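Undergrad: Enclosed is the structure file coords_31.pdb (PDB, C-alpha atoms, pLDDT in the B column).
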MODEL        1
ATOM      1  CA  MET A   1      17.340  -0.904  -3.142  1.00 44.00           C
ATOM      2  CA  SER A   2      15.445  -3.897  -1.841  1.00 50.00           C
ATOM      3  CA  ASP A   3      16.773  -7.446  -2.164  1.00 51.00           C
ATOM      4  CA  PHE A   4      13.423  -8.265  -3.786  1.00 50.00           C
ATOM      5  CA  ALA A   5      13.679  -5.641  -6.554  1.00 52.00           C
ATOM      6  CA  ALA A   6      15.312  -8.083  -8.989  1.00 51.00           C
ATOM      7  CA  THR A   7      12.657 -10.760  -8.420  1.00 55.00           C
ATOM      8  CA  ARG A   8       9.497  -8.607  -8.504  1.00 54.00           C
ATOM      9  CA  ARG A   9       6.979  -9.368 -11.241  1.00 68.00           C
ATOM     10  CA  HIS A  10       5.799  -5.741 -11.333  1.00 67.00           C
ATOM     11  CA  PRO A  11       8.262  -2.814 -11.307  1.00 77.00           C
ATOM     12  CA  ARG A  12       7.493  -0.268  -8.597  1.00 83.00           C
ATOM     13  CA  ILE A  13       7.385   3.485  -8.989  1.00 90.00           C
ATOM     14  CA  ALA A  14       8.157   5.795  -6.053  1.00 90.00           C
ATOM     15  CA  LEU A  15       4.934   7.651  -5.317  1.00 91.00           C
ATOM     16  CA  ARG A  16       3.854   9.585  -2.237  1.00 92.00           C
ATOM     17  CA  VAL A  17       0.062   9.792  -2.006  1.00 94.00           C
ATOM     18  CA  PRO A  18      -2.354   9.255   0.897  1.00 96.00           C
ATOM     19  CA  VAL A  19      -3.986   5.827   1.246  1.00 97.00           C
ATOM     20  CA  ASP A  20      -7.069   5.169   3.365  1.00 98.00           C
ATOM     21  CA  VAL A  21      -6.610   1.734   4.945  1.00 97.00           C
ATOM     22  CA  SER A  22      -9.367  -0.349   6.565  1.00 97.00           C
ATOM     23  CA  THR A  23      -9.003  -3.909   7.775  1.00 95.00           C
ATOM     24  CA  ILE A  24     -11.557  -6.356   6.388  1.00 95.00           C
ATOM     25  CA  ASP A  25     -11.106  -8.950   9.129  1.00 92.00           C
ATOM     26  CA  PRO A  26     -11.149  -7.932  12.799  1.00 92.00           C
ATOM     27  CA  GLU A  27      -7.954  -7.721  14.813  1.00 88.00           C
ATOM     28  CA  ILE A  28      -7.772  -8.546  18.527  1.00 89.00           C
ATOM     29  CA  ASP A  29      -6.835  -5.749  20.912  1.00 89.00           C
ATOM     30  CA  PRO A  30      -3.906  -7.130  22.967  1.00 89.00           C
ATOM     31  CA  ARG A  31      -4.973  -5.138  26.056  1.00 94.00           C
ATOM     32  CA  THR A  32      -8.675  -6.009  26.131  1.00 96.00           C
ATOM     33  CA  GLY A  33      -8.905  -9.161  24.000  1.00 96.00           C
ATOM     34  CA  ARG A  34     -11.801  -7.577  22.101  1.00 96.00           C
ATOM     35  CA  PRO A  35     -12.050  -7.537  18.307  1.00 95.00           C
ATOM     36  CA  TYR A  36     -11.748  -4.254  16.430  1.00 93.00           C
ATOM     37  CA  PHE A  37     -11.371  -2.984  12.885  1.00 94.00           C
ATOM     38  CA  ARG A  38      -8.557  -0.635  11.942  1.00 92.00           C
ATOM     39  CA  GLU A  39      -9.275   2.462   9.891  1.00 95.00           C
ATOM     40  CA  CYS A  40      -6.555   5.029   9.220  1.00 95.00           C
ATOM     41  CA  GLN A  41      -4.854   7.114   6.579  1.00 97.00           C
ATOM     42  CA  GLU A  42      -1.271   6.192   5.734  1.00 96.00           C
ATOM     43  CA  LEU A  43       1.182   7.128   2.987  1.00 95.00           C
ATOM     44  CA  CYS A  44       2.021   5.171  -0.150  1.00 95.00           C
ATOM     45  CA  GLY A  45       5.781   4.713  -0.556  1.00 92.00           C
ATOM     46  CA  ASN A  46       5.709   3.053  -3.960  1.00 94.00           C
ATOM     47  CA  LEU A  47       3.163   1.562  -6.345  1.00 95.00           C
ATOM     48  CA  SER A  48       3.069  -1.122  -9.029  1.00 94.00           C
ATOM     49  CA  SER A  49       0.321  -2.817 -10.984  1.00 93.00           C
ATOM     50  CA  GLY A  50       0.570  -5.749  -8.553  1.00 95.00           C
ATOM     51  CA  GLY A  51       0.779  -3.976  -5.190  1.00 96.00           C
ATOM     52  CA  MET A  52       2.222  -1.191  -3.096  1.00 96.00           C
ATOM     53  CA  PHE A  53       4.309  -0.283  -0.075  1.00 95.00           C
ATOM     54  CA  ILE A  54       2.368   1.538   2.639  1.00 96.00           C
ATOM     55  CA  ALA A  55       4.406   3.380   5.261  1.00 94.00           C
ATOM     56  CA  SER A  56       2.937   2.902   8.732  1.00 92.00           C
ATOM     57  CA  ALA A  57       4.221   3.295  12.292  1.00 89.00           C
ATOM     58  CA  ASP A  58       1.861   0.468  13.339  1.00 87.00           C
ATOM     59  CA  PRO A  59       1.655  -1.864  10.328  1.00 89.00           C
ATOM     60  CA  PRO A  60      -0.894  -4.710  10.229  1.00 90.00           C
ATOM     61  CA  GLY A  61       0.442  -8.274  10.182  1.00 89.00           C
ATOM     62  CA  PRO A  62       1.092 -10.518   7.177  1.00 93.00           C
ATOM     63  CA  GLY A  63      -2.002 -12.125   5.680  1.00 95.00           C
ATOM     64  CA  ARG A  64      -4.304  -9.323   6.859  1.00 94.00           C
ATOM     65  CA  ARG A  65      -6.788  -8.309   4.156  1.00 97.00           C
ATOM     66  CA  LEU A  66      -7.242  -4.584   3.584  1.00 98.00           C
ATOM     67  CA  LEU A  67      -9.652  -2.287   1.816  1.00 98.00           C
ATOM     68  CA  LEU A  68      -7.584   0.481   0.200  1.00 98.00           C
ATOM     69  CA  ARG A  69      -8.551   3.883  -1.184  1.00 98.00           C
ATOM     70  CA  ILE A  70      -5.538   5.255  -3.029  1.00 97.00           C
ATOM     71  CA  HIS A  71      -5.740   9.018  -3.499  1.00 96.00           C
ATOM     72  CA  THR A  72      -4.577  10.299  -6.852  1.00 92.00           C
ATOM     73  CA  PRO A  73      -2.157  13.215  -7.266  1.00 85.00           C
ATOM     74  CA  ASN A  74      -4.334  14.753 -10.000  1.00 83.00           C
ATOM     75  CA  GLY A  75      -7.496  15.035  -7.882  1.00 83.00           C
ATOM     76  CA  ALA A  76      -9.403  12.230  -9.627  1.00 87.00           C
ATOM     77  CA  PRO A  77     -11.579  10.031  -7.389  1.00 92.00           C
ATOM     78  CA  PRO A  78      -9.583   7.633  -5.177  1.00 96.00           C
ATOM     79  CA  ILE A  79      -8.846   4.172  -6.560  1.00 96.00           C
ATOM     80  CA  GLU A  80     -10.451   1.429  -4.470  1.00 97.00           C
ATOM     81  CA  ALA A  81      -8.761  -1.952  -4.204  1.00 97.00           C
ATOM     82  CA  VAL A  82      -8.612  -4.967  -1.926  1.00 98.00           C
ATOM     83  CA  GLY A  83      -5.159  -6.126  -0.872  1.00 98.00           C
ATOM     84  CA  ARG A  84      -3.361  -8.599   1.355  1.00 97.00           C
ATOM     85  CA  VAL A  85      -0.358  -7.800   3.510  1.00 97.00           C
ATOM     86  CA  ALA A  86       2.441  -9.864   1.926  1.00 95.00           C
ATOM     87  CA  TRP A  87       5.174  -8.777   4.354  1.00 94.00           C
ATOM     88  CA  ARG A  88       5.620  -6.449   7.298  1.00 93.00           C
ATOM     89  CA  LYS A  89       8.534  -4.291   8.388  1.00 89.00           C
ATOM     90  CA  PRO A  90       7.517  -3.274  11.943  1.00 81.00           C
ATOM     91  CA  GLU A  91      10.366  -0.910  12.750  1.00 75.00           C
ATOM     92  CA  ALA A  92      13.378   0.602  11.134  1.00 65.00           C
ATOM     93  CA  PRO A  93      16.640   1.858  12.630  1.00 59.00           C
ATOM     94  CA  VAL A  94      17.137   5.618  12.595  1.00 61.00           C
ATOM     95  CA  GLY A  95      18.135   6.771   9.123  1.00 58.00           C
ATOM     96  CA  MET A  96      16.934   3.586   7.433  1.00 56.00           C
ATOM     97  CA  GLU A  97      13.763   2.904   5.452  1.00 71.00           C
ATOM     98  CA  GLN A  98      10.494   3.526   7.237  1.00 85.00           C
ATOM     99  CA  PRO A  99       8.327   0.799   8.775  1.00 91.00           C
ATOM    100  CA  GLY A 100       5.314  -0.396   6.827  1.00 93.00           C
ATOM    101  CA  VAL A 101       3.831  -3.201   4.763  1.00 95.00           C
ATOM    102  CA  GLY A 102       4.096  -4.642   1.297  1.00 95.00           C
ATOM    103  CA  VAL A 103       0.557  -5.144  -0.012  1.00 97.00           C
ATOM    104  CA  GLU A 104      -0.447  -7.379  -2.914  1.00 96.00           C
ATOM    105  CA  PHE A 105      -3.619  -6.400  -4.785  1.00 97.00           C
ATOM    106  CA  LEU A 106      -6.245  -9.182  -4.768  1.00 97.00           C
ATOM    107  CA  GLY A 107      -8.335  -9.645  -7.907  1.00 94.00           C
ATOM    108  CA  PRO A 108      -8.487  -6.017  -9.032  1.00 94.00           C
ATOM    109  CA  SER A 109     -11.270  -5.209 -11.490  1.00 95.00           C
ATOM    110  CA  GLU A 110     -10.400  -4.045 -14.988  1.00 96.00           C
ATOM    111  CA  ALA A 111     -11.374  -0.488 -13.991  1.00 95.00           C
ATOM    112  CA  THR A 112      -9.083  -0.611 -10.933  1.00 95.00           C
ATOM    113  CA  ARG A 113      -6.221  -2.048 -12.982  1.00 94.00           C
ATOM    114  CA  ALA A 114      -6.665   0.640 -15.646  1.00 95.00           C
ATOM    115  CA  ALA A 115      -6.775   3.437 -13.032  1.00 94.00           C
ATOM    116  CA  ILE A 116      -3.563   2.138 -11.405  1.00 94.00           C
ATOM    117  CA  GLU A 117      -1.854   1.909 -14.806  1.00 93.00           C
ATOM    118  CA  ARG A 118      -2.865   5.518 -15.597  1.00 92.00           C
ATOM    119  CA  MET A 119      -1.486   6.630 -12.231  1.00 91.00           C
ATOM    120  CA  LEU A 120       1.790   4.767 -12.906  1.00 91.00           C
ATOM    121  CA  ASP A 121       2.041   6.264 -16.397  1.00 88.00           C
ATOM    122  CA  CYS A 122       1.546   9.801 -15.025  1.00 85.00           C
ATOM    123  CA  ALA A 123       4.113   9.203 -12.271  1.00 77.00           C
ATOM    124  CA  THR A 124       6.650   7.822 -14.759  1.00 72.00           C
ATOM    125  CA  ILE A 125       6.168  10.745 -17.160  1.00 64.00           C
ATOM    126  CA  GLY A 126       6.425  13.232 -14.276  1.00 55.00           C
ATOM    127  CA  ALA A 127       9.659  11.624 -13.047  1.00 51.00           C
ATOM    128  CA  SER A 128      11.204  11.724 -16.554  1.00 48.00           C
ATOM    129  CA  GLU A 129      10.318  15.396 -16.960  1.00 51.00           C
ATOM    130  CA  ARG A 130      11.895  16.274 -13.586  1.00 49.00           C
ATOM    131  CA  GLU A 131      15.118  14.433 -14.538  1.00 51.00           C
ATOM    132  CA  SER A 132      15.543  16.335 -17.833  1.00 48.00           C
TER     133      SER A 132
ENDMDL
END
How does the structure come out when it is put into structure tokens?
TA:
Amino acid sequence: MSDFAATRRHPRIALRVPVDVSTIDPEIDPRTGRPYFRECQELCGNLSSGGMFIASADPPGPGRRLLLRIHTPNGAPPIEAVGRVAWRKPEAPVGMEQPGVGVEFLGPSEATRAAIERMLDCATIGASERES
């Protein structure tokens, strides 16, 4: 369990769904010095109403703004949100947690908030049913 778990404002639910990630601001390629935008599909590690953990072998740096499309396990349209990388874990020792980023949602609309809450409710109900 994370050291931050006790201080989080929003409880997180373990959830493994694909997330399309696009950077909003350009990054600079360290080899060429040219700007570029990142676009990739990663995997959600956990989700809350305030943010999510995205597993990534090459995570973007803190402060980076991201456009996110969170795929739903039930086949509903992906949830679109804007987020900011709050912290980055660039690598993990073998056998430890995977590298990735903690992302805070920025100003989600009511529709986005409601869709995330529905997804969390479904994940919580599914987890309770598997435990019983």
Undergrad: Using only C-alpha atoms, determine which residues lie at most 12 Å from A:Glu110, disregarding the query and same-chain residues fewer than 3 positions distant; provide the list as number ranges by chain.
TA: A: 49, 79-81, 107, 113-117
Undergrad: Expressed in Å to a single decimal, how great is the separation between atom CA of A:Arg65 and atom CA of A:Thr124?
TA: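 So the answer is 28.3 Å.
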Undergrad: Which of these, A:Asp25, A:Glu42, A:Glu97, A:Glu104, has the shortest distance to A:Arg69 once you count all atoms listed in the file?
TA: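 Using all atoms listed in the file, the shortest distance to A:Arg69 belongs to A:Glu42.
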Undergrad: Give as a list in words the residues that the PyMOL selection byres ((chain A and resi 101) around 10) matches when applied to the coordinates above.
TA: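 Against this file, the PyMOL selection byres ((chain A and resi 101) around 10) returns the residues Cys44, Gly45, Met52, Phe53, Ile54, Ala55, Ser56, Ala57, Asp58, Pro59, Pro60, Gly61, Pro62, Arg84, Val85, Ala86, Trp87, Arg88, Lys89, Pro90, Gln98, Pro99, Gly100, Gly102, Val103 and Glu104 of chain A.
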Undergrad: Just to be explicit: take each residue in the selection above, keep C-alpha atoms, and write the result as a compact mmCIF listing (two decimals), keeping the file's coordinate frame.
TA:
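Output (out03.txt):
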# COMPACT_ATOMS: atom_id res chain seq x y z
CA CYS A 44 2.02 5.17 -0.15
CA GLY A 45 5.78 4.71 -0.56
CA MET A 52 2.22 -1.19 -3.10
CA PHE A 53 4.31 -0.28 -0.08
CA ILE A 54 2.37 1.54 2.64
CA ALA A 55 4.41 3.38 5.26
CA SER A 56 2.94 2.90 8.73
CA ALA A 57 4.22 3.30 12.29
CA ASP A 58 1.86 0.47 13.34
CA PRO A 59 1.66 -1.86 10.33
CA PRO A 60 -0.89 -4.71 10.23
CA GLY A 61 0.44 -8.27 10.18
CA PRO A 62 1.09 -10.52 7.18
CA ARG A 84 -3.36 -8.60 1.36
CA VAL A 85 -0.36 -7.80 3.51
CA ALA A 86 2.44 -9.86 1.93
CA TRP A 87 5.17 -8.78 4.35
CA ARG A 88 5.62 -6.45 7.30
CA LYS A 89 8.53 -4.29 8.39
CA PRO A 90 7.52 -3.27 11.94
CA GLN A 98 10.49 3.53 7.24
CA PRO A 99 8.33 0.80 8.78
CA GLY A 100 5.31 -0.40 6.83
CA GLY A 102 4.10 -4.64 1.30
CA VAL A 103 0.56 -5.14 -0.01
CA GLU A 104 -0.45 -7.38 -2.91
Undergrad: Have a look at A:Pro78, A:Gly63, A:Gly51, A:Gly33 and name the one nearest to A:Asp20; count only C-alpha atoms.
TA: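 Using only C-alpha atoms, the shortest distance to A:Asp20 belongs to A:Pro78.
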Undergrad: Measuring atom to atom with all atoms listed in the file, identify which of A:Ala76, A:Ile28, A:Ala14, A:Ile70 is nearest to A:Ala123.
TA: A:Ala14
Undergrad: What does the PyMOL selection byres ((chain A and resi 24) around 10) select in this file, as a list in words?
TA: Val21, Ser22, Thr23, Asp25, Pro26, Glu27, Phe37, Arg38, Glu39, Arg64, Arg65, Leu66, Leu67, Val82, Gly83 and Arg84 of chain A
Undergrad: Given all atoms listed in the file as the basis, pick out the residue of A:Pro11, A:Gly50, A:Pro30, A:Gly75 nearest to A:Thr112.
TA: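 Closest candidate: A:Gly50.
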Undergrad: Can you tell me how far atom CA of A:Asn74 sits from atom CA of A:Leu106, in Å to one decimal?
TA: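 Value for the atom CA of A:Asn74-atom CA of A:Leu106 distance: 24.6 Å.
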